[in-house]
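In what follows, a structure is listed as structure tokens, so that the remarks can point back to it.
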Amino acid sequence: MYMADTNPYEPNLIADIARERKIPLKFLENILLELKKAGILDSKKGKGGGYYFKIPPTEVSLARIIRLIDGPISMLSCVSLYFYQQCENCNEEVCGLQKTMIEVRDATLAILENKSVADISTAMKGGSTVYSSSVKP
């Protein structure tokens with residue numbers, strides 16, 4: 001969000017981001033490296049260097065970021081689109097919980113895939129709200 005708030009295409013020093021957002025430096029370094037490996041960010045070394053967006057923040061969905069940093073979005077591995085694993089001792093053909101959790105996954109994805117890093121940055125600055133339902137976080 002810090003990088004989207006500043007000029008997203010100009011290098012940002014890791015130390016500046018960590019200080020401004022109160023994020024441990026090593027933790028932030030790992031996140032930025034993962035985002036670079038995924039092609040979301042790029043970096044420049046040397047004087048005036050740092051990390052910057054390789055693609056527009058408006059094109060980076062929250063679902064993509066969450067999957068890169070935290071892994072599956074679904075609550076159960078048996079309904080995950082990218083990290084599927086069958087549950088132990090489960091018959092998926094008759095599992096009522098699985099059917100419900102697929103609905104939960106799909107509803108969650110409908111929100112996260114349609115919200116970008118830029119959307120969250122705007123909301124944090126007092127722009128349009130991120131939550132469109134009457135349910136409060």
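How things are named: the first chain in the structure tokens is A, the next is B, and so on; residues count from 1 in each chain; ligands count from 1 in the order shown.
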Which neighbours of Lys47 (chain A) fall inside 12 Å, counting only C-alpha atoms, when residues of the same chain fewer than 5 positions from it are skipped, and could you give them as a PyMOL selection string? chain A and resi 11-13
Compile the contact shell of region 78-89 of chain A as a ChimeraX atom specification: residues with an atom at most 7 Å away, counting only C-alpha atoms, same-chain residues fewer than 3 positions apart removed. /A:72,74,98,101-102
One decimal, Å: what's the distance from CA of Pro8 (chain A) over to CA of Ile111 (chain A), could you say?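 For CA of Pro8 (chain A) relative to CA of Ile111 (chain A), the distance reads 23.4 Å.
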May I ask for the distance between CA of Glu34 (chain A) and CA of Asp119 (chain A), given in Å to one decimal place?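 Value for the CA of Glu34 (chain A)-CA of Asp119 (chain A) distance: 21.1 Å.
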One number please: CA of Met3 (chain A) to CA of Thr108 (chain A), in Å, one decimal. 25.1 Å
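Closest to Lys36 (chain A) among A:Met75, A:Cys95, A:Ala118, A:Ile65 is A:Ile65, based on only C-alpha atoms.
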For a quick check of understanding, using only C-alpha atoms, which of A:Asp70, A:Glu92, A:Asp5, A:Asp106 has the smallest distance to Ile17 (chain A)?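 Comparing A:Asp70, A:Glu92, A:Asp5, A:Asp106 against Ile17 (chain A), the winner is A:Asp5.
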Would you mind listing what lies within 8 Å of Tyr51 (chain A) as a count of residues only, with only C-alpha atoms counted and same-chain residues fewer than 6 positions away left out? 10
Hey, what does DSSP flag as strand (DSSP E) within region 33-134 of chain A? Can you give it to me as a PyMOL selection string? chain A and resi 41-44+50-53
Using only C-alpha atoms for the distances, tell me which of A:Thr122, A:Ser116, A:Thr100, A:Asn91 is nearest to Thr6 (chain A). A:Thr122
